[in-house]
Amino acid sequence: MKKRIIMSILGVMAGAVSVAIFKMAAFGVDPFQSFMSGISRLIPISFGTLYVIVNAVLLLFSLISDRHYIGIATFINLFLLGYVTEYSYKLLQWLVPEPSMPLRIIFLIVGIVIICIGSSLYITADLGVSTYDAVALIMANKWKIGKFKFIRICTDVCCVVLGALMFIAGGGRIGEIPAIAGIGTIITAFFMGPLIEFFNVHIARKILEDKK
């Protein structure tokens, strides 16, 4: 259990840092972070606090509908990810105020690798899922609306669309939308699964199985 908790914390922190790196790349973030980027543009409070509020609402939904997917890692994600993302992004902006195009591409690649490693550690630890992940799982397994992969696609699309609409409503320009919903969003949607499985096999499961 101790090892699983450490893996969960490291996984969430890696995921949080990767979101900051995705923001520096400005090629788009994963679907849920697209939603968070939009709502943070609309509501003028710190990203870390807003992340806790939004996920607390989703947590309430999960607690009412099906508590099966809620665990220690759910709360680690809820209280840690938003603030680590916020301060990591501020640090990166201070270090690299205006990244060049080649550096943005490097940020994108590094962000993808780190988010997949973090997700691998977090998933393999098996101590609960994020409140956003729980929504699609409940719809698929509890409510039997359809297969998880199709429901997840729908929730992801909804997040991207709502994120873009809130971004515009908050004063953002249409030309800036690719920074929150762009090529990075597409890459995470199609390539995260295989990469996470790769890191599951070669890193996370080996860490969990190591008895030393």
# chains A, B, ... in the order shown; residues from 1 in each chain; ligands from 1
>>> residues_around(residues="Phe61 (chain A)", least_positions_apart="6", cutoff="12 Å", atoms="only C-alpha atoms", output="PDB file with N, CA and C atoms, in the first residue's frame")
ATOM      1  N   VAL A  54     -14.142  22.442  -9.317  1.00  0.00           N
ATOM      2  CA  VAL A  54     -14.754  21.662 -10.405  1.00  0.00           C
ATOM      3  C   VAL A  54     -14.725  20.175 -10.079  1.00  0.00           C
ATOM      4  N   ASN A  55     -13.590  19.691  -9.572  1.00  0.00           N
ATOM      5  CA  ASN A  55     -13.474  18.264  -9.267  1.00  0.00           C
ATOM      6  C   ASN A  55     -14.287  17.876  -8.037  1.00  0.00           C
ATOM      7  N   ARG A  67     -19.752   4.915  -5.752  1.00  0.00           N
ATOM      8  CA  ARG A  67     -18.510   5.217  -5.036  1.00  0.00           C
ATOM      9  C   ARG A  67     -17.368   4.259  -5.371  1.00  0.00           C
ATOM     10  N   TYR A  69     -15.390   3.849  -7.778  1.00  0.00           N
ATOM     11  CA  TYR A  69     -14.188   4.349  -8.447  1.00  0.00           C
ATOM     12  C   TYR A  69     -13.443   5.408  -7.631  1.00  0.00           C
ATOM     13  N   ILE A  70     -13.961   5.720  -6.451  1.00  0.00           N
ATOM     14  CA  ILE A  70     -13.331   6.738  -5.612  1.00  0.00           C
ATOM     15  C   ILE A  70     -12.377   6.087  -4.621  1.00  0.00           C
ATOM     16  N   THR A 131     -11.863  12.161 -10.787  1.00  0.00           N
ATOM     17  CA  THR A 131     -13.308  12.364 -10.818  1.00  0.00           C
ATOM     18  C   THR A 131     -13.821  12.437 -12.252  1.00  0.00           C
ATOM     19  N   TYR A 132     -13.003  12.954 -13.173  1.00  0.00           N
ATOM     20  CA  TYR A 132     -13.409  13.030 -14.577  1.00  0.00           C
ATOM     21  C   TYR A 132     -13.474  11.631 -15.188  1.00  0.00           C
ATOM     22  N   ASP A 133     -12.480  10.803 -14.924  1.00  0.00           N
ATOM     23  CA  ASP A 133     -12.493   9.429 -15.427  1.00  0.00           C
ATOM     24  C   ASP A 133     -13.706   8.674 -14.892  1.00  0.00           C
ATOM     25  N   ALA A 134     -14.061   8.938 -13.640  1.00  0.00           N
ATOM     26  CA  ALA A 134     -15.174   8.232 -13.000  1.00  0.00           C
ATOM     27  C   ALA A 134     -16.497   8.491 -13.709  1.00  0.00           C
ATOM     28  N   VAL A 135     -16.676   9.683 -14.268  1.00  0.00           N
ATOM     29  CA  VAL A 135     -17.943  10.029 -14.929  1.00  0.00           C
ATOM     30  C   VAL A 135     -18.244   9.059 -16.068  1.00  0.00           C
ATOM     31  N   ALA A 136     -17.280   8.865 -16.972  1.00  0.00           N
ATOM     32  CA  ALA A 136     -17.488   7.968 -18.112  1.00  0.00           C
ATOM     33  C   ALA A 136     -17.610   6.512 -17.654  1.00  0.00           C
ATOM     34  N   ILE A 138     -18.857   5.425 -14.797  1.00  0.00           N
ATOM     35  CA  ILE A 138     -20.190   5.254 -14.206  1.00  0.00           C
ATOM     36  C   ILE A 138     -21.252   5.151 -15.304  1.00  0.00           C
ATOM     37  N   MET A 139     -21.143   6.005 -16.318  1.00  0.00           N
ATOM     38  CA  MET A 139     -22.107   5.967 -17.414  1.00  0.00           C
ATOM     39  C   MET A 139     -22.061   4.634 -18.155  1.00  0.00           C
TER      40      MET A 139
END
>>> residues_around(residues="Ile5 (chain A)", least_positions_apart="4", cutoff="8 Å", atoms="only C-alpha atoms", output="list in words")
Met1, Ile9, Ile72, Ala73, Ala125 and Leu127 of chain A
>>> closest_atom_pairs(of="region 28-114 of chain A", to="region 184-194 of chain A", cutoff="6 Å", atoms="only C-alpha atoms", output="JSON lines")
{"residue": "A:Gly28", "atom": "CA", "partner": "A:Gly184", "partner_atom": "CA", "distance": 4.5}
{"residue": "A:Val29", "atom": "CA", "partner": "A:Thr185", "partner_atom": "CA", "distance": 5.0}
{"residue": "A:Asp30", "atom": "CA", "partner": "A:Thr185", "partner_atom": "CA", "distance": 4.8}
>>> atom_distance(atom1="CA of Arg104 (chain A)", atom2="CA of Ala179 (chain A)")
11.2 Å
>>> residues_around(residues="region 38-44 of chain A", least_positions_apart="5", cutoff="7 Å", atoms="only C-alpha atoms", output="ChimeraX atom specification")
/A:163-164,166-167,169-170
>>> closest_residue(among="A:Met7, A:Val19, A:Leu137, A:Ile106", to="Leu81 (chain A)", atoms="only C-alpha atoms")
A:Val19
>>> atom_distance(atom1="CA of Phe27 (chain A)", atom2="CA of Leu10 (chain A)")
24.8 Å
>>> residues_around(residues="region 86-94 of chain A", least_positions_apart="5", cutoff="12 Å", atoms="only C-alpha atoms", output="PyMOL selection string")
chain A and resi 13-26+36-37+40+45-51+80-81+99+104+107
>>> write_last_selection(atoms="C-alpha atoms", output="PDB file, in the first residue's frame")
ATOM      1  CA  MET A  13       2.580  15.258  -9.832  1.00  0.00           C
ATOM      2  CA  ALA A  14       4.001  14.095 -13.171  1.00  0.00           C
ATOM      3  CA  GLY A  15       0.603  14.634 -14.765  1.00  0.00           C
ATOM      4  CA  ALA A  16       0.361  18.109 -13.259  1.00  0.00           C
ATOM      5  CA  VAL A  17       3.817  19.121 -14.491  1.00  0.00           C
ATOM      6  CA  SER A  18       2.997  17.717 -17.941  1.00  0.00           C
ATOM      7  CA  VAL A  19      -0.093  19.960 -18.176  1.00  0.00           C
ATOM      8  CA  ALA A  20       2.134  22.980 -17.463  1.00  0.00           C
ATOM      9  CA  ILE A  21       4.515  21.800 -20.189  1.00  0.00           C
ATOM     10  CA  PHE A  22       1.591  21.376 -22.612  1.00  0.00           C
ATOM     11  CA  LYS A  23       0.565  24.959 -21.856  1.00  0.00           C
ATOM     12  CA  MET A  24       4.095  26.145 -22.644  1.00  0.00           C
ATOM     13  CA  ALA A  25       3.961  24.262 -25.952  1.00  0.00           C
ATOM     14  CA  ALA A  26       0.625  25.998 -26.733  1.00  0.00           C
ATOM     15  CA  MET A  36     -10.387  23.739 -17.351  1.00  0.00           C
ATOM     16  CA  SER A  37      -8.495  26.255 -19.489  1.00  0.00           C
ATOM     17  CA  SER A  40     -10.385  29.442 -15.846  1.00  0.00           C
ATOM     18  CA  ILE A  45      -9.781  32.750  -9.573  1.00  0.00           C
ATOM     19  CA  SER A  46      -6.535  30.796  -9.343  1.00  0.00           C
ATOM     20  CA  PHE A  47      -6.313  27.645 -11.475  1.00  0.00           C
ATOM     21  CA  GLY A  48      -5.464  25.450  -8.481  1.00  0.00           C
ATOM     22  CA  THR A  49      -8.521  26.559  -6.502  1.00  0.00           C
ATOM     23  CA  LEU A  50     -10.800  26.321  -9.547  1.00  0.00           C
ATOM     24  CA  TYR A  51      -9.541  22.796 -10.243  1.00  0.00           C
ATOM     25  CA  LEU A  80      -2.686  18.238  -5.665  1.00  0.00           C
ATOM     26  CA  LEU A  81      -2.913  18.403  -9.454  1.00  0.00           C
ATOM     27  CA  PRO A  99       9.630  29.862 -26.225  1.00  0.00           C
ATOM     28  CA  ARG A 104       7.528  24.506 -28.219  1.00  0.00           C
ATOM     29  CA  PHE A 107       7.803  20.913 -24.878  1.00  0.00           C
TER      30      PHE A 107
END
>>> decode(residues="region 43-167 of chain A", atoms="C-alpha atoms", output="PDB file, in the first residue's frame")
ATOM      1  CA  ILE A  43     -13.902  32.638 -13.839  1.00  0.00           C
ATOM      2  CA  PRO A  44     -11.184  34.906 -12.372  1.00  0.00           C
ATOM      3  CA  ILE A  45      -9.781  32.750  -9.573  1.00  0.00           C
ATOM      4  CA  SER A  46      -6.535  30.796  -9.343  1.00  0.00           C
ATOM      5  CA  PHE A  47      -6.313  27.645 -11.475  1.00  0.00           C
ATOM      6  CA  GLY A  48      -5.464  25.450  -8.481  1.00  0.00           C
ATOM      7  CA  THR A  49      -8.521  26.559  -6.502  1.00  0.00           C
ATOM      8  CA  LEU A  50     -10.800  26.321  -9.547  1.00  0.00           C
ATOM      9  CA  TYR A  51      -9.541  22.796 -10.243  1.00  0.00           C
ATOM     10  CA  VAL A  52     -10.475  21.736  -6.713  1.00  0.00           C
ATOM     11  CA  ILE A  53     -13.966  23.280  -7.035  1.00  0.00           C
ATOM     12  CA  VAL A  54     -14.754  21.662 -10.405  1.00  0.00           C
ATOM     13  CA  ASN A  55     -13.474  18.264  -9.267  1.00  0.00           C
ATOM     14  CA  ALA A  56     -15.368  18.541  -5.982  1.00  0.00           C
ATOM     15  CA  VAL A  57     -18.579  18.875  -8.029  1.00  0.00           C
ATOM     16  CA  LEU A  58     -17.619  15.805 -10.089  1.00  0.00           C
ATOM     17  CA  LEU A  59     -16.717  13.974  -6.874  1.00  0.00           C
ATOM     18  CA  LEU A  60     -20.201  14.678  -5.504  1.00  0.00           C
ATOM     19  CA  PHE A  61     -21.645  13.181  -8.697  1.00  0.00           C
ATOM     20  CA  SER A  62     -19.538  10.034  -8.201  1.00  0.00           C
ATOM     21  CA  LEU A  63     -20.410   9.725  -4.518  1.00  0.00           C
ATOM     22  CA  ILE A  64     -24.118   9.892  -5.338  1.00  0.00           C
ATOM     23  CA  SER A  65     -23.961   7.618  -8.397  1.00  0.00           C
ATOM     24  CA  ASP A  66     -21.280   5.021  -7.628  1.00  0.00           C
ATOM     25  CA  ARG A  67     -18.510   5.217  -5.036  1.00  0.00           C
ATOM     26  CA  HIS A  68     -16.664   2.220  -6.488  1.00  0.00           C
ATOM     27  CA  TYR A  69     -14.188   4.349  -8.447  1.00  0.00           C
ATOM     28  CA  ILE A  70     -13.331   6.738  -5.612  1.00  0.00           C
ATOM     29  CA  GLY A  71     -10.143   6.044  -3.655  1.00  0.00           C
ATOM     30  CA  ILE A  72      -7.077   7.625  -2.101  1.00  0.00           C
ATOM     31  CA  ALA A  73      -5.710   8.578  -5.507  1.00  0.00           C
ATOM     32  CA  THR A  74      -8.938  10.431  -6.335  1.00  0.00           C
ATOM     33  CA  PHE A  75      -8.327  12.841  -3.450  1.00  0.00           C
ATOM     34  CA  ILE A  76      -4.600  13.109  -4.227  1.00  0.00           C
ATOM     35  CA  ASN A  77      -5.591  14.170  -7.740  1.00  0.00           C
ATOM     36  CA  LEU A  78      -8.288  16.540  -6.502  1.00  0.00           C
ATOM     37  CA  PHE A  79      -6.131  18.509  -4.052  1.00  0.00           C
ATOM     38  CA  LEU A  80      -2.686  18.238  -5.665  1.00  0.00           C
ATOM     39  CA  LEU A  81      -2.913  18.403  -9.454  1.00  0.00           C
ATOM     40  CA  GLY A  82      -4.364  21.892  -9.878  1.00  0.00           C
ATOM     41  CA  TYR A  83      -1.875  23.665  -7.623  1.00  0.00           C
ATOM     42  CA  VAL A  84       1.156  21.772  -8.953  1.00  0.00           C
ATOM     43  CA  THR A  85       0.061  22.673 -12.500  1.00  0.00           C
ATOM     44  CA  GLU A  86      -0.443  26.325 -11.595  1.00  0.00           C
ATOM     45  CA  TYR A  87       2.960  26.822  -9.965  1.00  0.00           C
ATOM     46  CA  SER A  88       4.830  24.652 -12.476  1.00  0.00           C
ATOM     47  CA  TYR A  89       3.423  26.790 -15.288  1.00  0.00           C
ATOM     48  CA  LYS A  90       4.427  30.008 -13.526  1.00  0.00           C
ATOM     49  CA  LEU A  91       7.951  28.642 -13.037  1.00  0.00           C
ATOM     50  CA  LEU A  92       8.263  27.614 -16.690  1.00  0.00           C
ATOM     51  CA  GLN A  93       6.960  31.018 -17.836  1.00  0.00           C
ATOM     52  CA  TRP A  94       9.599  32.671 -15.667  1.00  0.00           C
ATOM     53  CA  LEU A  95      12.354  30.436 -17.047  1.00  0.00           C
ATOM     54  CA  VAL A  96      11.233  30.635 -20.694  1.00  0.00           C
ATOM     55  CA  PRO A  97       9.040  33.751 -21.209  1.00  0.00           C
ATOM     56  CA  GLU A  98       8.792  33.399 -25.005  1.00  0.00           C
ATOM     57  CA  PRO A  99       9.630  29.862 -26.225  1.00  0.00           C
ATOM     58  CA  SER A 100      10.630  29.528 -29.877  1.00  0.00           C
ATOM     59  CA  MET A 101       8.791  27.147 -32.230  1.00  0.00           C
ATOM     60  CA  PRO A 102      11.476  24.396 -31.955  1.00  0.00           C
ATOM     61  CA  LEU A 103      11.325  24.668 -28.157  1.00  0.00           C
ATOM     62  CA  ARG A 104       7.528  24.506 -28.219  1.00  0.00           C
ATOM     63  CA  ILE A 105       7.753  21.284 -30.227  1.00  0.00           C
ATOM     64  CA  ILE A 106      10.203  19.883 -27.660  1.00  0.00           C
ATOM     65  CA  PHE A 107       7.803  20.913 -24.878  1.00  0.00           C
ATOM     66  CA  LEU A 108       5.000  19.035 -26.658  1.00  0.00           C
ATOM     67  CA  ILE A 109       7.030  15.827 -26.997  1.00  0.00           C
ATOM     68  CA  VAL A 110       8.295  15.980 -23.410  1.00  0.00           C
ATOM     69  CA  GLY A 111       4.777  16.737 -22.153  1.00  0.00           C
ATOM     70  CA  ILE A 112       3.346  13.681 -23.920  1.00  0.00           C
ATOM     71  CA  VAL A 113       6.018  11.371 -22.483  1.00  0.00           C
ATOM     72  CA  ILE A 114       5.636  12.726 -18.938  1.00  0.00           C
ATOM     73  CA  ILE A 115       1.823  12.613 -18.914  1.00  0.00           C
ATOM     74  CA  CYS A 116       1.907   8.996 -20.127  1.00  0.00           C
ATOM     75  CA  ILE A 117       4.448   7.966 -17.475  1.00  0.00           C
ATOM     76  CA  GLY A 118       2.429   9.755 -14.797  1.00  0.00           C
ATOM     77  CA  SER A 119      -0.814   8.149 -15.954  1.00  0.00           C
ATOM     78  CA  SER A 120       0.881   4.751 -15.981  1.00  0.00           C
ATOM     79  CA  LEU A 121       2.037   5.103 -12.360  1.00  0.00           C
ATOM     80  CA  TYR A 122      -1.361   6.446 -11.284  1.00  0.00           C
ATOM     81  CA  ILE A 123      -3.390   3.725 -13.044  1.00  0.00           C
ATOM     82  CA  THR A 124      -1.128   0.829 -12.019  1.00  0.00           C
ATOM     83  CA  ALA A 125      -1.291   1.922  -8.366  1.00  0.00           C
ATOM     84  CA  ASP A 126      -5.039   1.199  -8.615  1.00  0.00           C
ATOM     85  CA  LEU A 127      -6.141   3.384  -5.699  1.00  0.00           C
ATOM     86  CA  GLY A 128      -9.014   5.115  -7.452  1.00  0.00           C
ATOM     87  CA  VAL A 129      -9.440   7.204 -10.583  1.00  0.00           C
ATOM     88  CA  SER A 130      -9.820  10.931 -11.193  1.00  0.00           C
ATOM     89  CA  THR A 131     -13.308  12.364 -10.818  1.00  0.00           C
ATOM     90  CA  TYR A 132     -13.409  13.030 -14.577  1.00  0.00           C
ATOM     91  CA  ASP A 133     -12.493   9.429 -15.427  1.00  0.00           C
ATOM     92  CA  ALA A 134     -15.174   8.232 -13.000  1.00  0.00           C
ATOM     93  CA  VAL A 135     -17.943  10.029 -14.929  1.00  0.00           C
ATOM     94  CA  ALA A 136     -17.488   7.968 -18.112  1.00  0.00           C
ATOM     95  CA  LEU A 137     -16.915   4.766 -16.117  1.00  0.00           C
ATOM     96  CA  ILE A 138     -20.190   5.254 -14.206  1.00  0.00           C
ATOM     97  CA  MET A 139     -22.107   5.967 -17.414  1.00  0.00           C
ATOM     98  CA  ALA A 140     -20.690   2.825 -19.032  1.00  0.00           C
ATOM     99  CA  ASN A 141     -20.654   0.335 -16.168  1.00  0.00           C
ATOM    100  CA  LYS A 142     -23.393   1.577 -13.833  1.00  0.00           C
ATOM    101  CA  TRP A 143     -25.914   3.186 -16.148  1.00  0.00           C
ATOM    102  CA  LYS A 144     -25.115   0.897 -19.136  1.00  0.00           C
ATOM    103  CA  ILE A 145     -25.487   3.769 -21.616  1.00  0.00           C
ATOM    104  CA  GLY A 146     -22.859   2.329 -23.938  1.00  0.00           C
ATOM    105  CA  LYS A 147     -19.260   1.178 -24.186  1.00  0.00           C
ATOM    106  CA  PHE A 148     -16.714   3.133 -22.176  1.00  0.00           C
ATOM    107  CA  LYS A 149     -14.547   4.080 -25.166  1.00  0.00           C
ATOM    108  CA  PHE A 150     -17.495   5.685 -26.984  1.00  0.00           C
ATOM    109  CA  ILE A 151     -18.784   7.469 -23.892  1.00  0.00           C
ATOM    110  CA  ARG A 152     -15.264   8.751 -23.210  1.00  0.00           C
ATOM    111  CA  ILE A 153     -15.043  10.129 -26.732  1.00  0.00           C
ATOM    112  CA  CYS A 154     -18.354  11.964 -26.148  1.00  0.00           C
ATOM    113  CA  THR A 155     -17.257  13.407 -22.793  1.00  0.00           C
ATOM    114  CA  ASP A 156     -13.914  14.447 -24.310  1.00  0.00           C
ATOM    115  CA  VAL A 157     -15.629  16.193 -27.232  1.00  0.00           C
ATOM    116  CA  CYS A 158     -18.007  17.957 -24.830  1.00  0.00           C
ATOM    117  CA  CYS A 159     -15.040  19.147 -22.744  1.00  0.00           C
ATOM    118  CA  VAL A 160     -13.213  20.537 -25.774  1.00  0.00           C
ATOM    119  CA  VAL A 161     -16.304  22.299 -27.157  1.00  0.00           C
ATOM    120  CA  LEU A 162     -17.350  23.751 -23.784  1.00  0.00           C
ATOM    121  CA  GLY A 163     -13.752  24.760 -23.062  1.00  0.00           C
ATOM    122  CA  ALA A 164     -13.509  26.623 -26.380  1.00  0.00           C
ATOM    123  CA  LEU A 165     -16.880  28.348 -25.857  1.00  0.00           C
ATOM    124  CA  MET A 166     -15.979  29.468 -22.328  1.00  0.00           C
ATOM    125  CA  PHE A 167     -12.571  30.621 -23.535  1.00  0.00           C
TER     126      PHE A 167
END
